[in-house]
Amino acid sequence: MNRPRRATWRRAATIAVVVVCVGYAPIAMTELWPYAHRGAPAFGEWLLGRAVSPRYVADALATRIGPYGRSLAAMIFHSVLGGVLMLLGPAQLISAIRRRRRLHRVLGVVFALTVYASMAGAAIYLARTAPRDAFSGPAFWIVLATILVGTVMSVTFGILAAIGNFPDLHQRWMLLCYAYLMTAPLLRLEWGALPAFLPGLSMADVNRVAIMHLGAVVAFGALVASRTMDNRDASPGVRGTWVPTPVLVTAHVAGASALGWLVRSAMGWGSGGSRLMAAYLVPFAAAYATMFVCQRRAGRDGRSWAREEWRLHLVALCLAPPFSAAAGLLFEHYAGLDRPTALAAGIAIGCGMLAFAATAVVSVRVMVGREVLKRERLAAAPRPVRDPAPVG
């Protein structure tokens with residue numbers, strides 16, 4: 001009954017992702033040309049200047065000349081390959097939907113190699129740039145480093161899942177990998193859109209607002225895409241739950257306590273703190289409500305696997321605030337950051353890292369289920385009957 005509606009939403013989401021990726025590809029490829037040759041065309045700069053103001057763009061770019069200059073070749077390499085990835089992602093998605101396996105595998109190899117090469121360029125930039133010199137400060141440097149590690153590890157786990165003949169897990173890891181890559185075009189969209197709601201802020205200030213929720217948004221998008229593409233009511237060998245009610249309740253209590261502490265801390269930062277927490281809480285609440293409703297609905301409909309995956313990610317989302325609080329305190333004490341910057345960095349990476357952890361737990365859940373099924377089949381297989389030993 002709901003299949004036509006789901007198919008419509010899936011088609012609309014696919015088209016939206018393709019449009020954003022294809023539209024961003026030339027922007028990514030030309031973004032750093034002006035730093036190499038003054039006056040070189042940069043489509044993103046041109047669009048942003050007209051969407052907001054030329055001064056808004058010029059002030060932000062002026063602060064990047066020094067840091068980018070130390071790693072310009074690596075950054076251009078990273079951005080050009082990033083544009084290529086924006087084109088390879090939709091090609092992979094469409095080839096998977098159309099079940100063109102040979103094309104999908106070839107493009108997958110190209111995609112993975114391009115991810116590794118592009119992230120190597122980003123790693124060189126981060127290694128040569130002090131966190132305080134990153135755009136909008138140390139929190140953004142930490143976010144970039146986290147995205148880099150998450151992208152590399154997710155594509156690696158995706159490859160291992162394909163080699164191990166776990167197509168469902170391969171799909172999940174690759175969707176998460178591409179979700180991390182999507183932070184680049186989505187961040188540019190926010191640079192252009194948020195000034196309409198937050199007038200008077202510099203691009204650096206807008207950037208601080210955007211990173212508070214981008215990790216949560218892309219990770220949630222990867223989860224929704226995974227669940228939309230997985231129509232199974234059950235997963236082979238997966239029985240019961242790893243998230244009984246006491247575990248779910250404990251995660252909620254821990255999450256609510258840490259979230260309250262983060263909110264109280266941010267309220268002491270003035271209007272800037274309120275703005276940052278609003279940017280974090282609204283997407284967080286939307287993701288929480290969706291996960292909670294979906295796991296309840298899946299349980300009511302008897303779809304045990306969907307319920308289990310939603311619940312695992314719901315627990316991870318509840319544990320994101322405690323993780324963020326702990327990470328913020330560690331950044332403050334061991335990275336020498338002030339309390340607001342340290343907590344902002346912890347909040348910015350919390351949902352993305354916990355989504356990665358939840359995907360890892362889902363993977364272990366599936367692999368354990370397959371092992372259980374294999375043992376049951378071996379136990380049920382008829383044993384060969386040996387001939388009686390000859391009597392002496």
# chains A, B, ... in the order shown; residues from 1 in each chain; ligands from 1

$ residues_around --residues "A:Leu148" --least-positions-apart "3" --cutoff "8 Å" --atoms "only C-alpha atoms" --output "list in words"
Met119, Ala122, Ala123, Leu144, Ala145, Thr151 and Val152 of chain A

$ write_last_selection --atoms "N, CA, C and O atoms" --output "mmCIF file, in the first residue's frame"
data_model
loop_
_atom_site.group_PDB
_atom_site.id
_atom_site.type_symbol
_atom_site.label_atom_id
_atom_site.label_comp_id
_atom_site.auth_asym_id
_atom_site.auth_seq_id
_atom_site.Cartn_x
_atom_site.Cartn_y
_atom_site.Cartn_z
ATOM 1 N N MET A 119 41.806 11.957 -0.072
ATOM 2 C CA MET A 119 42.015 12.113 1.363
ATOM 3 C C MET A 119 43.494 12.261 1.709
ATOM 4 O O MET A 119 43.845 12.889 2.715
ATOM 5 N N ALA A 122 44.107 15.886 1.462
ATOM 6 C CA ALA A 122 43.566 16.574 2.639
ATOM 7 C C ALA A 122 44.433 16.340 3.862
ATOM 8 O O ALA A 122 44.619 17.244 4.690
ATOM 9 N N ALA A 123 44.997 15.139 3.985
ATOM 10 C CA ALA A 123 45.857 14.831 5.134
ATOM 11 C C ALA A 123 47.116 15.688 5.116
ATOM 12 O O ALA A 123 47.589 16.137 6.174
ATOM 13 N N LEU A 144 37.369 18.435 10.296
ATOM 14 C CA LEU A 144 37.956 17.972 9.035
ATOM 15 C C LEU A 144 38.754 16.687 9.236
ATOM 16 O O LEU A 144 38.664 15.752 8.428
ATOM 17 N N ALA A 145 39.544 16.635 10.300
ATOM 18 C CA ALA A 145 40.334 15.434 10.565
ATOM 19 C C ALA A 145 39.436 14.235 10.843
ATOM 20 O O ALA A 145 39.722 13.110 10.386
ATOM 21 N N THR A 151 35.887 8.858 6.529
ATOM 22 C CA THR A 151 35.731 8.547 5.115
ATOM 23 C C THR A 151 36.643 7.404 4.702
ATOM 24 O O THR A 151 36.221 6.461 4.027
ATOM 25 N N VAL A 152 37.894 7.470 5.108
ATOM 26 C CA VAL A 152 38.855 6.420 4.748
ATOM 27 C C VAL A 152 38.460 5.085 5.367
ATOM 28 O O VAL A 152 38.486 4.031 4.706
#

$ closest_atom_pairs --of "stretch 352-374 of chain A" --to "stretch 318-334 of chain A" --cutoff "12 Å" --atoms "only C-alpha atoms" --output "Markdown table"
| residue | atom | partner | partner_atom | distance |
| --- | --- | --- | --- | --- |
| A:Gly352 | CA | A:Ala320 | CA | 8.6 |
| A:Met353 | CA | A:Ala320 | CA | 8.1 |
| A:Leu354 | CA | A:Ala320 | CA | 6.0 |
| A:Ala355 | CA | A:Ala320 | CA | 8.7 |
| A:Phe356 | CA | A:Ala320 | CA | 11.2 |
| A:Ala357 | CA | A:Ala320 | CA | 10.4 |
| A:Ala358 | CA | A:Leu319 | CA | 10.5 |

$ write_last_selection --atoms "N, CA and C atoms" --output "PDB file, in the first residue's frame"
ATOM      1  N   GLY A 352      28.371  12.156  14.174  1.00  0.00           N
ATOM      2  CA  GLY A 352      29.019  11.458  13.072  1.00  0.00           C
ATOM      3  C   GLY A 352      29.816  10.256  13.543  1.00  0.00           C
ATOM      4  N   MET A 353      30.546  10.414  14.648  1.00  0.00           N
ATOM      5  CA  MET A 353      31.362   9.308  15.149  1.00  0.00           C
ATOM      6  C   MET A 353      30.496   8.204  15.741  1.00  0.00           C
ATOM      7  N   LEU A 354      29.428   8.553  16.426  1.00  0.00           N
ATOM      8  CA  LEU A 354      28.554   7.530  16.981  1.00  0.00           C
ATOM      9  C   LEU A 354      27.775   6.802  15.893  1.00  0.00           C
ATOM     10  N   ALA A 355      27.467   7.493  14.785  1.00  0.00           N
ATOM     11  CA  ALA A 355      26.831   6.814  13.653  1.00  0.00           C
ATOM     12  C   ALA A 355      27.790   5.790  13.053  1.00  0.00           C
ATOM     13  N   PHE A 356      29.079   6.133  12.995  1.00  0.00           N
ATOM     14  CA  PHE A 356      30.085   5.185  12.526  1.00  0.00           C
ATOM     15  C   PHE A 356      30.115   3.973  13.461  1.00  0.00           C
ATOM     16  N   ALA A 357      30.101   4.227  14.772  1.00  0.00           N
ATOM     17  CA  ALA A 357      30.120   3.130  15.740  1.00  0.00           C
ATOM     18  C   ALA A 357      28.879   2.254  15.604  1.00  0.00           C
ATOM     19  N   ALA A 358      27.716   2.888  15.383  1.00  0.00           N
ATOM     20  CA  ALA A 358      26.482   2.121  15.233  1.00  0.00           C
ATOM     21  C   ALA A 358      26.532   1.247  13.986  1.00  0.00           C
TER      22      ALA A 358
END

$ residues_around --residues "A:Ala120" --least-positions-apart "2" --cutoff "12 Å" --atoms "only C-alpha atoms" --output "list of chain:residue names"
A:Ser71, A:Ala73, A:Ala74, A:Met75, A:Ile76, A:Phe77, A:His78, A:Ser79, A:Leu81, A:Gly82, A:Leu113, A:Thr114, A:Val115, A:Tyr116, A:Ala117, A:Ser118, A:Ala122, A:Ala123, A:Ile124, A:Tyr125, A:Leu126, A:Ala127, A:Ala145, A:Leu148, A:Val149, A:Thr151, A:Val152

$ write_last_selection --atoms "C-alpha atoms" --output "PDB file, in the first residue's frame"
ATOM      1  CA  SER A  71      49.801  23.058   0.898  1.00  0.00           C
ATOM      2  CA  ALA A  73      49.317  21.562  -4.640  1.00  0.00           C
ATOM      3  CA  ALA A  74      47.913  18.996  -2.211  1.00  0.00           C
ATOM      4  CA  MET A  75      44.728  21.004  -1.725  1.00  0.00           C
ATOM      5  CA  ILE A  76      44.143  21.453  -5.457  1.00  0.00           C
ATOM      6  CA  PHE A  77      44.714  17.713  -5.898  1.00  0.00           C
ATOM      7  CA  HIS A  78      42.201  17.052  -3.085  1.00  0.00           C
ATOM      8  CA  SER A  79      39.551  19.417  -4.429  1.00  0.00           C
ATOM      9  CA  LEU A  81      39.467  14.625  -7.019  1.00  0.00           C
ATOM     10  CA  GLY A  82      36.649  15.670  -4.689  1.00  0.00           C
ATOM     11  CA  LEU A 113      41.148   4.669  -5.231  1.00  0.00           C
ATOM     12  CA  THR A 114      39.943   8.237  -5.762  1.00  0.00           C
ATOM     13  CA  VAL A 115      38.817   8.470  -2.131  1.00  0.00           C
ATOM     14  CA  TYR A 116      42.222   7.360  -0.879  1.00  0.00           C
ATOM     15  CA  ALA A 117      44.063   9.765  -3.184  1.00  0.00           C
ATOM     16  CA  SER A 118      41.799  12.725  -2.379  1.00  0.00           C
ATOM     17  CA  ALA A 122      43.566  16.574   2.639  1.00  0.00           C
ATOM     18  CA  ALA A 123      45.857  14.831   5.134  1.00  0.00           C
ATOM     19  CA  ILE A 124      48.849  16.773   3.825  1.00  0.00           C
ATOM     20  CA  TYR A 125      46.953  20.041   4.317  1.00  0.00           C
ATOM     21  CA  LEU A 126      45.929  19.136   7.866  1.00  0.00           C
ATOM     22  CA  ALA A 127      49.449  18.031   8.752  1.00  0.00           C
ATOM     23  CA  ALA A 145      40.334  15.434  10.565  1.00  0.00           C
ATOM     24  CA  LEU A 148      38.919  12.344   6.808  1.00  0.00           C
ATOM     25  CA  VAL A 149      39.402   9.356   9.111  1.00  0.00           C
ATOM     26  CA  THR A 151      35.731   8.547   5.115  1.00  0.00           C
ATOM     27  CA  VAL A 152      38.855   6.420   4.748  1.00  0.00           C
TER      28      VAL A 152
END

$ closest_residue --among "A:Trp191, A:Tyr56, A:Phe157, A:Tyr288" --to "A:Val315" --atoms "only C-alpha atoms"
A:Tyr288

$ select_by_dssp --residues "stretch 112-274 of chain A" --states "alpha helix (DSSP H)" --output "PyMOL selection string"
chain A and resi 112-128+138-163+167-181+183-197+203-210+214-229+245-267+271-274

$ atom_distance --atom1 "atom CA of A:Arg383" --atom2 "atom CA of A:Val368"
24.6 Å

$ closest_residue --among "A:Leu169, A:Val218, A:Val143, A:Leu32" --to "A:Val17" --atoms "only C-alpha atoms"
A:Val218

$ closest_residue --among "A:Gly83, A:Gly164, A:Pro41, A:Pro195" --to "A:Ala28" --atoms "only C-alpha atoms"
A:Gly83

$ closest_residue --among "A:Ser53, A:Thr146, A:Ser274, A:Thr183" --to "A:Leu214" --atoms "only C-alpha atoms"
A:Thr183

$ atom_distance --atom1 "atom CA of A:Arg232" --atom2 "atom CA of A:Ala379"
25.8 Å

$ decode --residues "stretch 20-34 of chain A" --atoms "all heavy atoms" --output "CSV table (one decimal), in the first residue's frame"
chain,number,residue,atom,x,y,z
A,20,VAL,N,22.6,17.8,-6.6
A,20,VAL,CA,23.6,18.5,-5.7
A,20,VAL,C,25.0,18.1,-6.1
A,20,VAL,O,25.9,18.9,-6.2
A,20,VAL,CB,23.3,18.2,-4.2
A,20,VAL,CG1,24.4,18.7,-3.3
A,20,VAL,CG2,22.0,18.8,-3.8
A,21,CYS,N,25.2,16.8,-6.3
A,21,CYS,CA,26.6,16.3,-6.6
A,21,CYS,C,27.1,16.8,-7.9
A,21,CYS,O,28.2,17.3,-8.0
A,21,CYS,CB,26.6,14.8,-6.6
A,21,CYS,SG,26.3,14.1,-4.9
A,22,VAL,N,26.3,16.7,-8.9
A,22,VAL,CA,26.7,17.1,-10.3
A,22,VAL,C,26.9,18.7,-10.3
A,22,VAL,O,27.8,19.2,-10.9
A,22,VAL,CB,25.7,16.7,-11.3
A,22,VAL,CG1,26.0,17.3,-12.7
A,22,VAL,CG2,25.6,15.2,-11.4
A,23,GLY,N,26.0,19.4,-9.6
A,23,GLY,CA,26.2,20.8,-9.5
A,23,GLY,C,27.4,21.3,-8.7
A,23,GLY,O,28.0,22.3,-9.1
A,24,TYR,N,27.8,20.5,-7.7
A,24,TYR,CA,28.9,20.9,-6.9
A,24,TYR,C,30.2,20.5,-7.6
A,24,TYR,O,31.3,21.1,-7.2
A,24,TYR,CB,28.8,20.2,-5.5
A,24,TYR,CG,30.0,20.5,-4.7
A,24,TYR,CD1,30.3,21.8,-4.2
A,24,TYR,CD2,30.8,19.5,-4.2
A,24,TYR,CE1,31.4,22.1,-3.4
A,24,TYR,CE2,31.9,19.7,-3.4
A,24,TYR,CZ,32.2,21.0,-3.0
A,24,TYR,OH,33.3,21.3,-2.3
A,25,ALA,N,30.2,19.5,-8.4
A,25,ALA,CA,31.5,19.0,-9.0
A,25,ALA,C,32.4,20.1,-9.6
A,25,ALA,O,33.6,20.2,-9.3
A,25,ALA,CB,31.2,17.9,-10.0
A,26,PRO,N,31.8,20.9,-10.5
A,26,PRO,CA,32.7,22.0,-11.1
A,26,PRO,C,33.1,23.0,-10.0
A,26,PRO,O,34.2,23.6,-10.1
A,26,PRO,CB,31.8,22.6,-12.2
A,26,PRO,CG,30.4,22.3,-11.8
A,26,PRO,CD,30.5,20.9,-11.2
A,27,ILE,N,32.3,23.2,-9.0
A,27,ILE,CA,32.6,24.2,-7.9
A,27,ILE,C,33.8,23.6,-7.2
A,27,ILE,O,34.8,24.4,-6.9
A,27,ILE,CB,31.4,24.4,-7.0
A,27,ILE,CG1,30.3,25.1,-7.7
A,27,ILE,CG2,31.9,25.1,-5.7
A,27,ILE,CD1,29.0,25.2,-6.9
A,28,ALA,N,33.8,22.3,-6.8
A,28,ALA,CA,34.9,21.7,-6.1
A,28,ALA,C,36.2,21.8,-6.9
A,28,ALA,O,37.3,22.1,-6.4
A,28,ALA,CB,34.6,20.3,-5.7
A,29,MET,N,36.1,21.5,-8.2
A,29,MET,CA,37.3,21.4,-9.1
A,29,MET,C,38.0,22.7,-9.3
A,29,MET,O,39.2,22.8,-9.5
A,29,MET,CB,36.9,20.8,-10.4
A,29,MET,CG,36.5,19.3,-10.4
A,29,MET,SD,36.0,18.7,-12.0
A,29,MET,CE,35.6,17.0,-11.6
A,30,THR,N,37.2,23.8,-9.2
A,30,THR,CA,37.8,25.1,-9.5
A,30,THR,C,37.9,26.0,-8.2
A,30,THR,O,38.4,27.1,-8.3
A,30,THR,CB,36.9,25.9,-10.5
A,30,THR,OG1,35.6,26.1,-9.9
A,30,THR,CG2,36.7,25.1,-11.8
A,31,GLU,N,37.6,25.5,-7.1
A,31,GLU,CA,37.5,26.3,-5.8
A,31,GLU,C,38.9,26.9,-5.5
A,31,GLU,O,38.9,28.0,-5.0
A,31,GLU,CB,37.0,25.4,-4.7
A,31,GLU,CG,36.8,26.2,-3.4
A,31,GLU,CD,36.0,25.4,-2.4
A,31,GLU,OE1,36.2,24.2,-2.4
A,31,GLU,OE2,35.3,26.0,-1.6
A,32,LEU,N,40.0,26.2,-5.7
A,32,LEU,CA,41.3,26.7,-5.3
A,32,LEU,C,42.1,27.3,-6.4
A,32,LEU,O,43.2,27.7,-6.2
A,32,LEU,CB,42.0,25.6,-4.6
A,32,LEU,CG,41.4,25.0,-3.3
A,32,LEU,CD1,42.2,23.8,-2.8
A,32,LEU,CD2,41.3,26.1,-2.3
A,33,TRP,N,41.6,27.4,-7.6
A,33,TRP,CA,42.3,28.0,-8.7
A,33,TRP,C,42.8,29.4,-8.4
A,33,TRP,O,43.9,29.8,-8.7
A,33,TRP,CB,41.5,27.9,-10.0
A,33,TRP,CG,41.4,26.6,-10.5
A,33,TRP,CD1,41.8,25.4,-10.0
A,33,TRP,CD2,40.7,26.2,-11.8
A,33,TRP,NE1,41.5,24.3,-10.8
A,33,TRP,CE2,40.8,24.8,-11.9
A,33,TRP,CE3,40.0,26.9,-12.7
A,33,TRP,CZ2,40.2,24.1,-12.9
A,33,TRP,CZ3,39.5,26.2,-13.8
A,33,TRP,CH2,39.6,24.8,-13.9
A,34,PRO,N,41.9,30.3,-7.8
A,34,PRO,CA,42.3,31.7,-7.6
A,34,PRO,C,43.5,31.8,-6.7
A,34,PRO,O,44.3,32.8,-6.7
A,34,PRO,CB,41.1,32.3,-6.9
A,34,PRO,CG,39.9,31.5,-7.4
A,34,PRO,CD,40.5,30.1,-7.5
